[in-house]
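As stored in data_22.cif (mmCIF, C-alpha atoms):
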data_query
loop_
_atom_site.label_atom_id
_atom_site.label_comp_id
_atom_site.auth_asym_id
_atom_site.auth_seq_id
_atom_site.Cartn_x
_atom_site.Cartn_y
_atom_site.Cartn_z
CA MET A 1 56.75 -12.79 44.34
CA LYS A 2 56.60 -9.11 43.49
CA ARG A 3 58.67 -9.75 40.33
CA PHE A 4 56.27 -12.54 39.27
CA ALA A 5 53.26 -10.26 39.82
CA LEU A 6 54.92 -7.56 37.72
CA TYR A 7 55.61 -10.00 34.86
CA LEU A 8 52.03 -11.27 35.02
CA PHE A 9 50.67 -7.72 34.90
CA LEU A 10 52.81 -6.90 31.83
CA VAL A 11 51.67 -10.06 30.01
CA LEU A 12 48.00 -9.33 30.67
CA MET A 13 48.39 -5.75 29.50
CA THR A 14 50.05 -6.98 26.30
CA LEU A 15 47.22 -9.45 25.61
CA ASN A 16 44.58 -6.84 26.37
CA ASP A 17 45.90 -4.29 23.85
CA PRO A 18 44.44 -5.91 20.69
CA VAL A 19 41.03 -6.37 22.34
CA ALA A 20 40.95 -2.84 23.64
CA GLU A 21 42.11 -1.49 20.29
CA GLY A 22 39.36 -3.41 18.48
CA GLN A 23 36.70 -2.14 20.85
CA SER A 24 38.02 1.37 20.58
CA LYS A 25 37.94 1.25 16.78
CA TYR A 26 34.34 0.02 16.81
CA TYR A 27 32.98 2.45 19.39
CA HIS A 28 34.95 5.51 18.30
CA ARG A 29 34.85 5.34 14.52
CA GLN A 30 32.17 7.41 12.82
CA GLN A 31 28.90 5.45 12.82
CA PRO A 32 25.59 6.26 11.09
CA VAL A 33 23.05 7.40 13.65
CA SER A 34 20.08 5.84 11.85
CA GLY A 35 19.15 3.09 9.45
CA TYR A 36 16.21 1.46 7.73
CA GLY A 37 15.37 -1.68 5.80
CA ILE A 38 12.80 -4.27 4.82
CA LYS A 39 12.08 -7.71 6.28
CA ALA A 40 9.90 -10.78 5.84
CA GLY A 41 9.56 -14.19 7.45
CA ILE A 42 7.31 -16.68 9.20
CA ASN A 43 5.30 -16.78 12.42
CA TYR A 44 4.58 -19.81 14.54
CA ALA A 45 1.41 -18.46 16.12
CA GLY A 46 -0.73 -19.72 18.96
CA GLN A 47 -3.17 -18.49 21.58
CA SER A 48 -3.39 -18.86 25.34
CA THR A 49 -5.86 -17.98 28.06
CA THR A 50 -5.64 -17.23 31.76
CA ASN A 51 -8.53 -19.64 32.40
CA ARG A 52 -6.92 -23.01 33.11
CA THR A 53 -10.28 -24.79 32.85
CA ALA A 54 -11.06 -23.46 29.35
CA GLU A 55 -12.87 -25.95 27.12
CA PHE A 56 -10.81 -25.08 24.04
CA LYS A 57 -7.51 -26.86 23.36
CA THR A 58 -5.15 -24.98 21.04
CA SER A 59 -2.06 -25.66 18.95
CA GLY A 60 0.09 -23.53 16.67
CA ILE A 61 -0.37 -22.49 13.05
CA ILE A 62 2.06 -21.02 10.51
CA GLY A 63 1.65 -17.42 9.35
CA VAL A 64 3.82 -14.87 7.57
CA ASN A 65 5.19 -11.45 8.40
CA ALA A 66 6.47 -8.70 6.09
CA GLY A 67 7.23 -5.00 6.35
CA GLY A 68 9.96 -2.50 7.17
CA TYR A 69 11.91 -0.97 10.05
CA PHE A 70 13.64 2.28 11.01
CA ASN A 71 16.11 2.80 13.85
CA TYR A 72 17.79 5.81 15.44
CA PHE A 73 20.82 5.59 17.76
CA PHE A 74 20.46 8.16 20.54
CA LEU A 75 23.45 6.56 22.34
CA ARG A 76 26.33 4.73 20.66
CA PRO A 77 25.12 1.18 21.55
CA VAL A 78 21.42 2.00 22.12
CA ALA A 79 18.76 2.76 19.53
CA LEU A 80 15.03 3.22 19.24
CA GLN A 81 13.58 0.97 16.52
CA ALA A 82 10.10 1.26 15.02
CA GLU A 83 8.61 -1.28 12.63
CA LEU A 84 5.51 -1.64 10.47
CA LEU A 85 4.59 -5.26 9.74
CA VAL A 86 1.72 -7.22 8.27
CA SER A 87 1.51 -10.32 10.46
CA GLY A 88 -0.56 -13.51 10.49
CA LYS A 89 -1.74 -14.85 13.86
CA GLY A 90 -4.35 -17.22 15.25
CA SER A 91 -4.48 -20.87 16.30
CA HIS A 92 -5.76 -24.36 15.61
CA TRP A 93 -8.39 -25.10 18.25
CA LYS A 94 -10.90 -27.74 19.16
CA ASP A 95 -13.47 -28.46 21.84
CA TYR A 96 -15.90 -31.31 22.48
CA TYR A 97 -17.90 -30.56 19.33
CA ASP A 98 -15.92 -28.45 16.87
CA GLU A 99 -12.44 -28.14 15.39
CA ALA A 100 -11.24 -25.13 13.41
CA LYS A 101 -8.36 -22.83 12.55
CA ASP A 102 -8.55 -19.08 13.12
CA PHE A 103 -6.42 -17.01 10.74
CA VAL A 104 -6.20 -13.38 11.87
CA THR A 105 -4.24 -10.71 9.97
CA TYR A 106 -2.87 -7.63 11.73
CA ILE A 107 -0.82 -4.57 11.01
CA ASP A 108 1.71 -4.63 13.87
CA LEU A 109 3.66 -1.62 15.14
CA PRO A 110 6.49 -2.65 17.50
CA LEU A 111 8.36 0.15 19.28
CA LEU A 112 11.61 -1.33 20.56
CA ILE A 113 14.68 -0.40 22.56
CA ARG A 114 17.64 -1.96 20.75
CA TYR A 115 20.90 -2.62 22.58
CA GLN A 116 23.95 -3.48 20.46
CA PRO A 117 26.77 -4.75 22.71
CA ILE A 118 28.90 -5.88 19.73
CA GLN A 119 28.98 -4.92 16.08
CA PHE A 120 27.11 -7.91 14.68
CA LEU A 121 24.45 -8.56 17.32
CA ASN A 122 21.67 -6.64 19.01
CA LEU A 123 19.08 -7.47 21.66
CA HIS A 124 15.73 -5.69 21.66
CA ALA A 125 12.49 -5.47 23.61
CA GLY A 126 9.41 -3.29 23.78
CA PRO A 127 5.65 -3.00 23.35
CA GLN A 128 3.73 -3.85 20.20
CA ALA A 129 0.29 -2.68 19.09
CA GLY A 130 -1.70 -4.47 16.40
CA LEU A 131 -4.59 -3.36 14.20
CA ARG A 132 -6.81 -6.19 13.00
CA LEU A 133 -7.29 -6.24 9.22
CA GLY A 134 -9.24 -9.45 8.78
CA ALA A 135 -10.18 -12.74 10.44
CA LYS A 136 -11.18 -16.05 8.86
CA GLN A 137 -12.11 -19.37 10.40
CA LYS A 138 -11.73 -22.71 8.60
CA ASP A 139 -13.91 -25.55 9.84
CA MET A 140 -11.65 -28.61 9.88
CA LYS A 141 -14.59 -31.00 9.40
CA THR A 142 -16.30 -29.34 6.45
CA GLY A 143 -13.47 -27.17 5.04
CA ILE A 144 -15.81 -24.17 4.95
CA GLN A 145 -14.28 -20.75 5.65
CA SER A 146 -16.24 -17.97 7.31
CA ASP A 147 -15.60 -14.37 8.34
CA ILE A 148 -15.09 -13.99 12.10
CA LYS A 149 -14.17 -10.31 12.52
CA ASP A 150 -16.77 -10.06 15.29
CA TYR A 151 -14.86 -12.65 17.29
CA TYR A 152 -11.70 -10.51 17.48
CA LYS A 153 -11.11 -7.03 18.85
CA THR A 154 -9.89 -4.25 16.59
CA PHE A 155 -6.68 -3.78 18.59
CA ASP A 156 -4.19 -6.29 19.94
CA PHE A 157 -1.34 -5.60 22.37
CA GLY A 158 1.79 -7.57 23.15
CA PHE A 159 5.38 -7.35 24.34
CA VAL A 160 8.40 -8.24 22.20
CA PHE A 161 11.66 -9.96 23.22
CA GLY A 162 14.23 -10.68 20.51
CA ALA A 163 17.71 -10.79 19.05
CA GLU A 164 19.10 -9.87 15.64
CA ALA A 165 22.34 -10.92 13.96
CA ASP A 166 23.94 -9.11 11.04
CA LEU A 167 24.92 -11.21 8.02
CA PRO A 168 27.06 -10.36 4.98
CA HIS A 169 25.65 -8.27 2.12
CA ASN A 170 23.49 -6.05 4.37
CA LEU A 171 21.34 -8.99 5.44
CA ASN A 172 20.17 -9.69 8.98
CA ILE A 173 18.17 -12.40 10.70
CA THR A 174 15.81 -11.75 13.61
CA VAL A 175 14.33 -14.20 16.10
CA ARG A 176 11.79 -12.92 18.58
CA TYR A 177 8.94 -13.94 20.82
CA ILE A 178 5.80 -11.82 21.09
CA MET A 179 3.73 -12.37 24.23
CA GLY A 180 0.14 -11.18 24.27
CA ILE A 181 -0.69 -8.89 27.19
CA SER A 182 -4.40 -8.30 26.49
CA SER A 183 -7.28 -10.37 25.19
CA ALA A 184 -7.51 -10.40 21.40
CA THR A 185 -10.99 -11.97 21.41
CA THR A 186 -14.46 -10.63 22.08
CA ARG A 187 -17.22 -12.41 24.00
CA VAL A 188 -19.27 -12.91 20.83
CA ARG A 189 -17.86 -16.43 20.49
CA TYR A 190 -15.12 -16.92 23.10
CA VAL A 191 -16.14 -16.51 26.73
CA ASP A 192 -12.55 -16.77 27.97
CA PRO A 193 -9.94 -14.10 27.13
CA TRP A 194 -7.49 -15.41 24.51
CA MET A 195 -4.11 -13.76 23.90
CA ASN A 196 -2.04 -13.97 20.72
CA ASN A 197 1.47 -15.39 21.23
CA LEU A 198 3.98 -16.12 18.50
CA LEU A 199 7.54 -17.04 17.67
CA GLN A 200 8.72 -14.90 14.75
CA ILE A 201 11.68 -15.42 12.44
CA SER A 202 12.50 -12.79 9.81
CA LEU A 203 15.17 -12.19 7.20
CA GLY A 204 15.90 -8.51 6.62
CA TYR A 205 17.77 -6.38 4.14
CA ARG A 206 19.33 -3.12 5.36
CA LEU A 207 18.82 -0.41 2.75
CA ALA A 208 20.84 2.24 4.59
CA GLY A 209 22.65 2.96 7.85
CA ARG A 210 22.95 0.53 10.76
#
Transcribe the structure of this file into structure tokens.
Amino acid sequence: MKRFALYLFLVLMTLNDPVAEGQSKYYHRQQPVSGYGIKAGINYAGQSTTNRTAEFKTSGIIGVNAGGYFNYFFLRPVALQAELLVSGKGSHWKDYYDEAKDFVTYIDLPLLIRYQPIQFLNLHAGPQAGLRLGAKQKDMKTGIQSDIKDYYKTFDFGFVFGAEADLPHNLNITVRYIMGISSATTRVRYVDPWMNNLLQISLGYRLAGR
């Protein structure tokens, strides 16, 4: 029995060597401590409220996102990543009398903690602040568009959860969910607090670093 245990131990050690060597090469070779790039993609945006009896019924709309990112690795697998994005949000809503789409454009600033357990994948999360640039509403019955900046607050706040995979040729693809944590709307038109939520998919190009 002792001889069998010894043989088993030697086999496992032999199989473990290539894995350990690969991990060692990745974590111990010289790595850039920072990186930056550009990105663009689409948003599937919607809105939700804490009032379950709200008269408005909402569904998602398609928006776009575009901008850049910068990251700095303060530990070998952990980085701080900041981004600057122009992002389209809003929703398709209707009540008993009206039906419309709200298209709201923000400059978003996510500040994320990025954890990279393996070379080609990272997980990230963190807060996001948004600055409203413009807001338009399209009446679905008449097709008329109107300015609705007064319906939306200047600032929007959310929390980001996401993952990013590296692709060949310095490309990367990011999938994330942004959950609103404060009301984006004012009481000028919407009595209930409405939060922006969106699923975001982006294709990025790394200009330098990691």
For this session: List, as a PyMOL selection string, every residue that the PyMOL selection byres ((chain A and resi 38-41) around 10) selects in the file provided.
Result: chain A and resi 36-37+42-43+63-70+83-87+171-175+200-207
Exercise. Suppose you want the space between atom CA of Phe159 of chain A and atom CA of Gly180 of chain A; what is it in Å?
Worked result: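 Between atom CA of Phe159 of chain A and atom CA of Gly180 of chain A the gap is 6.5 Å.
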For this session: For atom CA of Glu164 of chain A and atom CA of Leu112 of chain A, quote the distance in Å rounded to one decimal.
Result: 12.4 Å
For this session: Extract, using only C-alpha atoms, all DNA, RNA and protein residues at most 9 Å from Arg187 of chain A, discarding same-chain residues fewer than 3 positions from it, and format them as a PyMOL selection string.
Result: chain A and resi 151-152+190-193
Problem set entry | One-decimal distance in Å that lies between atom CA of Ile178 of chain A and atom CA of Lys153 of chain A | 17.7 Å
Name the residues in contact with Arg132 of chain A at a cut-off of 9 Å, using only C-alpha atoms, excluding same-chain residues fewer than 3 positions from it; report them as a PDB file with C-alpha atoms, in the frame of the given file.
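So result.pdb came out as:
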ATOM      1  CA  VAL A 104      -6.200 -13.380  11.870  1.00  0.00           C
ATOM      2  CA  THR A 105      -4.240 -10.710   9.970  1.00  0.00           C
ATOM      3  CA  TYR A 106      -2.870  -7.630  11.730  1.00  0.00           C
ATOM      4  CA  ILE A 107      -0.820  -4.570  11.010  1.00  0.00           C
ATOM      5  CA  ASP A 108       1.710  -4.630  13.870  1.00  0.00           C
ATOM      6  CA  ALA A 135     -10.180 -12.740  10.440  1.00  0.00           C
ATOM      7  CA  LYS A 149     -14.170 -10.310  12.520  1.00  0.00           C
ATOM      8  CA  TYR A 152     -11.700 -10.510  17.480  1.00  0.00           C
ATOM      9  CA  LYS A 153     -11.110  -7.030  18.850  1.00  0.00           C
ATOM     10  CA  THR A 154      -9.890  -4.250  16.590  1.00  0.00           C
ATOM     11  CA  PHE A 155      -6.680  -3.780  18.590  1.00  0.00           C
ATOM     12  CA  ASP A 156      -4.190  -6.290  19.940  1.00  0.00           C
TER      13      ASP A 156
END
For this session: Could you tell me which of A:Val160, A:Leu167, A:Leu198, A:Ala79 comes closest to Ala129 of chain A if we count only C-alpha atoms?
Result: A:Val160
For this session: Pull out every residue that the PyMOL selection byres ((chain A and resi 148) around 10) matches in the shown coordinates and put them as a list in words.
Result: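 Output of the PyMOL selection byres ((chain A and resi 148) around 10): Asp102, Phe103, Val104, Gly134, Ala135, Lys136, Gln137, Lys138, Gln145, Ser146, Asp147, Lys149, Asp150, Tyr151, Tyr152, Val188 and Arg189 of chain A.
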